[in-house]
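Visitor: Enclosed is the structure file final24.csv (CSV, C-alpha atoms).
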chain,number,residue,atom,x,y,z
A,1,MET,CA,48.6,19.2,153.1
A,2,SER,CA,47.6,16.7,155.7
A,3,LYS,CA,44.0,15.8,156.4
A,4,LEU,CA,44.2,17.5,159.8
A,5,ASN,CA,45.4,20.7,158.3
A,6,ILE,CA,42.6,20.7,155.7
A,7,LEU,CA,40.1,20.3,158.5
A,8,THR,CA,41.6,22.8,161.0
A,9,LYS,CA,42.8,25.6,158.7
A,10,GLY,CA,39.3,27.1,158.6
A,11,PHE,CA,39.1,27.3,162.4
A,12,PHE,CA,41.4,30.3,162.8
A,13,LYS,CA,44.3,30.4,160.3
A,14,GLU,CA,42.0,30.8,157.3
A,15,ASN,CA,38.8,31.6,159.2
A,16,PRO,CA,36.3,32.7,156.5
A,17,SER,CA,34.9,35.7,158.5
A,18,LEU,CA,37.8,36.8,160.7
A,19,ILE,CA,40.8,36.3,158.4
A,20,LEU,CA,39.4,36.1,154.8
A,21,VAL,CA,36.6,38.6,155.6
A,22,LEU,CA,33.9,36.6,153.7
A,23,GLY,CA,30.3,36.3,154.6
A,24,THR,CA,30.3,39.7,156.3
A,25,CYS,CA,26.6,40.3,155.8
A,26,PRO,CA,25.2,37.4,157.8
A,27,THR,CA,28.1,37.8,160.3
A,28,LEU,CA,26.9,41.3,161.2
A,29,ALA,CA,23.1,40.6,160.8
A,30,VAL,CA,22.5,37.4,162.8
A,31,THR,CA,24.9,37.8,165.7
A,32,THR,CA,22.5,39.6,168.0
A,33,SER,CA,22.2,36.4,170.0
A,34,VAL,CA,24.3,33.2,170.4
A,35,ASN,CA,21.3,31.0,169.5
A,36,ASN,CA,20.9,32.8,166.2
A,37,ALA,CA,24.7,32.5,165.6
A,38,LEU,CA,24.6,28.7,166.3
A,39,GLY,CA,21.6,28.2,164.0
A,40,MET,CA,23.2,30.2,161.1
A,41,GLY,CA,26.5,28.5,161.6
A,42,ALA,CA,25.0,25.0,161.6
A,43,ALA,CA,22.9,25.8,158.5
A,44,THR,CA,25.9,27.1,156.6
A,45,THR,CA,28.1,24.2,157.7
A,46,PHE,CA,25.5,21.7,156.4
A,47,VAL,CA,25.4,23.5,153.0
A,48,LEU,CA,29.2,23.7,152.9
A,49,LEU,CA,29.6,20.1,153.7
A,50,MET,CA,27.0,18.7,151.3
A,51,SER,CA,27.7,21.0,148.4
A,52,ASN,CA,31.5,20.4,148.7
A,53,ILE,CA,30.9,16.6,148.6
A,54,LEU,CA,28.6,16.7,145.6
A,55,ILE,CA,30.6,19.2,143.6
A,56,SER,CA,33.8,17.1,144.2
A,57,MET,CA,32.0,14.0,143.0
A,58,LEU,CA,30.7,15.7,139.9
A,59,LYS,CA,33.8,17.8,139.1
A,60,ASN,CA,34.8,15.7,136.1
A,61,VAL,CA,31.2,15.7,134.8
A,62,ILE,CA,30.3,19.4,135.0
A,63,PRO,CA,31.4,21.3,131.9
A,64,ASP,CA,34.0,24.0,132.8
A,65,LYS,CA,32.1,26.8,130.9
A,66,ILE,CA,28.9,26.3,133.1
A,67,ARG,CA,30.5,25.3,136.3
A,68,ILE,CA,29.5,28.4,138.3
A,69,PRO,CA,25.7,28.1,137.4
A,70,CYS,CA,25.9,24.3,138.2
A,71,PHE,CA,27.6,25.1,141.6
A,72,ILE,CA,24.9,27.6,142.4
A,73,VAL,CA,22.1,25.1,141.5
A,74,ILE,CA,23.7,22.5,143.8
A,75,ILE,CA,24.2,25.0,146.6
A,76,ALA,CA,20.6,26.2,146.2
A,77,THR,CA,19.3,22.7,146.5
A,78,PHE,CA,20.9,22.1,149.9
A,79,VAL,CA,19.9,25.6,151.1
A,80,SER,CA,16.3,24.8,150.3
A,81,MET,CA,16.6,21.6,152.2
A,82,ILE,CA,18.0,23.2,155.3
A,83,ASP,CA,15.5,26.1,155.1
A,84,LEU,CA,12.6,23.7,155.0
A,85,ILE,CA,14.0,21.6,157.9
A,86,ILE,CA,14.5,24.7,160.1
A,87,GLN,CA,11.0,25.9,159.2
A,88,GLY,CA,9.5,22.6,160.1
A,89,PHE,CA,11.4,21.7,163.3
A,90,LEU,CA,12.7,25.1,164.6
A,91,PRO,CA,10.1,27.7,163.6
A,92,ALA,CA,11.3,30.3,166.2
A,93,LEU,CA,14.9,30.1,164.8
A,94,SER,CA,13.5,30.4,161.2
A,95,ALA,CA,11.6,33.5,162.2
A,96,SER,CA,14.7,35.0,163.8
A,97,LEU,CA,17.1,34.3,160.9
A,98,GLY,CA,14.5,35.2,158.3
A,99,VAL,CA,15.8,35.8,154.8
A,100,PHE,CA,19.4,35.1,155.8
A,101,ILE,CA,18.9,31.3,155.5
A,102,PRO,CA,17.9,31.5,151.8
A,103,LEU,CA,20.7,34.0,151.2
A,104,ILE,CA,23.2,31.3,152.0
A,105,VAL,CA,22.9,30.6,148.3
A,106,VAL,CA,24.9,33.7,147.5
A,107,ASN,CA,27.2,33.5,150.5
A,108,CYS,CA,30.7,33.9,149.0
A,109,ILE,CA,32.1,31.4,151.6
A,110,VAL,CA,30.1,28.5,150.1
A,111,LEU,CA,30.6,29.4,146.4
A,112,GLY,CA,34.3,30.2,147.1
A,113,ARG,CA,35.0,26.8,148.7
A,114,ALA,CA,33.2,25.1,145.8
A,115,GLU,CA,35.3,26.9,143.2
A,116,ALA,CA,38.6,27.1,145.1
A,117,PHE,CA,38.7,23.6,146.7
A,118,ALA,CA,35.9,21.1,146.0
A,119,SER,CA,36.1,21.4,142.2
A,120,LYS,CA,39.8,20.6,142.4
A,121,ASN,CA,40.2,18.0,145.1
A,122,LEU,CA,39.0,14.5,146.2
A,123,VAL,CA,35.7,13.9,147.9
A,124,PHE,CA,37.1,13.2,151.4
A,125,ASP,CA,39.3,16.2,151.3
A,126,SER,CA,36.4,18.4,150.2
A,127,LEU,CA,34.3,17.0,153.0
A,128,LEU,CA,37.0,18.0,155.5
A,129,ASP,CA,37.4,21.4,153.9
A,130,GLY,CA,33.6,22.1,154.1
A,131,LEU,CA,33.3,20.9,157.6
A,132,GLY,CA,36.4,22.9,158.8
A,133,MET,CA,35.2,26.1,157.1
A,134,GLY,CA,31.7,25.7,158.5
A,135,ILE,CA,33.0,25.2,162.0
A,136,GLY,CA,35.3,28.2,161.6
A,137,PHE,CA,32.4,30.3,160.4
A,138,THR,CA,30.3,29.2,163.4
A,139,ILE,CA,33.2,30.0,165.8
A,140,SER,CA,33.4,33.5,164.4
A,141,LEU,CA,29.6,34.0,164.7
A,142,VAL,CA,29.5,32.7,168.2
A,143,LEU,CA,32.4,34.9,169.4
A,144,ILE,CA,30.8,38.0,168.0
A,145,ALA,CA,27.3,37.1,169.2
A,146,ALA,CA,28.5,36.3,172.7
A,147,VAL,CA,30.0,39.8,173.1
A,148,ARG,CA,27.0,41.5,171.6
A,149,GLU,CA,24.4,39.6,173.5
A,150,VAL,CA,26.1,40.0,176.9
A,151,LEU,CA,26.8,43.7,176.5
A,152,GLY,CA,23.6,44.6,174.5
A,153,ALA,CA,21.0,42.4,176.2
A,154,GLY,CA,22.7,41.3,179.4
A,155,SER,CA,22.1,37.6,178.6
A,156,PHE,CA,23.7,34.6,177.2
A,157,MET,CA,21.8,32.1,175.1
A,158,GLY,CA,18.6,33.7,176.3
A,159,PHE,CA,19.4,33.5,180.0
A,160,THR,CA,19.4,37.0,181.5
A,161,PHE,CA,21.9,37.7,184.2
A,162,ILE,CA,22.5,41.5,183.9
A,163,PRO,CA,19.6,43.9,184.8
A,164,SER,CA,18.2,45.7,181.7
A,165,HIS,CA,19.2,49.2,182.9
A,166,TYR,CA,22.9,48.2,182.6
A,167,ASN,CA,22.5,47.0,179.0
A,168,MET,CA,24.2,48.9,176.2
A,169,LEU,CA,21.7,49.1,173.4
A,170,LEU,CA,24.5,50.1,170.9
A,171,PHE,CA,25.8,46.5,170.8
A,172,VAL,CA,22.4,45.1,169.6
A,173,LEU,CA,22.3,47.7,166.7
A,174,ALA,CA,24.3,47.7,163.5
A,175,PRO,CA,27.0,50.1,164.7
A,176,GLY,CA,27.7,47.7,167.6
A,177,ALA,CA,28.0,44.8,165.2
A,178,PHE,CA,30.8,46.6,163.3
A,179,ILE,CA,32.6,47.6,166.5
A,180,VAL,CA,32.6,44.1,167.9
A,181,TYR,CA,33.4,42.5,164.6
A,182,GLY,CA,36.5,44.8,164.3
A,183,PHE,CA,37.7,44.1,167.8
A,184,VAL,CA,37.2,40.3,167.5
A,185,MET,CA,39.0,40.3,164.1
A,186,ALA,CA,41.9,42.3,165.5
A,187,ALA,CA,42.2,40.1,168.6
A,188,VAL,CA,42.2,36.9,166.6
A,189,ARG,CA,44.8,38.3,164.1
A,190,GLN,CA,47.0,39.4,167.0
A,191,ILE,CA,46.8,35.9,168.6
A,192,LEU,CA,47.7,34.3,165.3
A,193,ASN,CA,50.6,36.7,164.8
A,194,ASN,CA,51.9,35.9,168.3
A,195,VAL,CA,51.7,32.2,167.7
A,196,GLU,CA,53.5,32.5,164.4
A,197,ALA,CA,56.2,34.7,165.9
A,198,LYS,CA,56.8,32.1,168.7
A,199,ARG,CA,56.9,29.3,166.1
A,200,LYS,CA,59.5,31.1,164.0
A,201,ALA,CA,61.6,31.9,167.2
A,202,ARG,CA,61.6,28.2,168.1
A,203,GLN,CA,62.7,27.3,164.6
A,204,ALA,CA,65.5,29.9,164.7
A,205,ASN,CA,66.7,28.5,168.1
A,206,ALA,CA,66.5,24.9,167.0
Before we go any further, please render this structure as structure tokens.

Guide:
Amino acid sequence: MSKLNILTKGFFKENPSLILVLGTCPTLAVTTSVNNALGMGAATTFVLLMSNILISMLKNVIPDKIRIPCFIVIIATFVSMIDLIIQGFLPALSASLGVFIPLIVVNCIVLGRAEAFASKNLVFDSLLDGLGMGIGFTISLVLIAAVREVLGAGSFMGFTFIPSHYNMLLFVLAPGAFIVYGFVMAAVRQILNNVEAKRKARQANA
């Protein structure tokens, strides 16, 4: 697999939220606004990137029998770092995201990439994988949050442009999160299926 494919596979083809259906809890919980989605995506990307690098560096040192506890300790270290950074420099974002920043420790996207990729590949490849999966997760959060914020709050990134009496409160609540998640997931899958069908058609005609 080329370096570019390692980086970009997480954007859409293997998007952790929309295709692999991982990290569903934060995907539904923090997407009430685009600002929250960007903050959560950036924090998760940082943890993915740094934990993938360190785990790849230590993969030959960590005993196989205790690799999962070791991975969790490494991930928790970087989660604590980003949590303190957000608390110190972005207190409003920290208050909005609440417990979901510490819960990155148990996010199956992060542990999954550590086990499936970083522990088996070179450092640079693991860096690209963590960055790509983090960007893909951020893309999915922003797509869902944009729809929910516009329809539910009549705003985008905090800027209100639709009067409050036109807002649909459903999309700010949990049921709205499931509805939007389902439609965005279906749309992305349909687009990918169409792209793949066109690619196969070109190959058949070549």

Visitor: Quote the spacing between atom CA of Leu28 of chain A and atom CA of Glu115 of chain A in Å to one decimal place.

Guide: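 Going from atom CA of Leu28 of chain A over to atom CA of Glu115 of chain A, I get 24.5 Å.
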
Visitor: Would you mind reading off the distance between atom CA of Ile6 of chain A and atom CA of Arg189 of chain A, one decimal, in Å?

Guide: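 We find that atom CA of Ile6 of chain A and atom CA of Arg189 of chain A lie 19.6 Å from each other.
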
Visitor: May I ask for the distance between atom CA of Val79 of chain A and atom CA of Thr45 of chain A, given in Å to one decimal place?

Guide: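 Atom CA of Val79 of chain A sits 10.6 Å away from atom CA of Thr45 of chain A.
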
Visitor: Neighbours of Ala186 of chain A within 9 Å (only C-alpha atoms; same-chain residues fewer than 5 positions away dropped), as a list in words?

Guide: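 Skipping anything fewer than 5 positions along the chain leaves Leu18, Tyr181 and Ile191 of chain A.
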
Visitor: From the set A:Thr44, A:Asn36, A:Thr31, A:Asn52, which residue has the shortest atom-to-atom contact distance to Leu127 of chain A, counting all atoms listed in the file?

Guide: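 Ranking A:Thr44, A:Asn36, A:Thr31, A:Asn52 by distance to Leu127 of chain A, first place goes to A:Asn52.
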
Visitor: Compile the contact shell of Val184 of chain A as a PyMOL selection string: residues with an atom at most 12 Å away, counting only C-alpha atoms, same-chain residues fewer than 6 positions apart removed.

Guide: chain A and resi 12+17-19+27+139-148+177-178+190-191
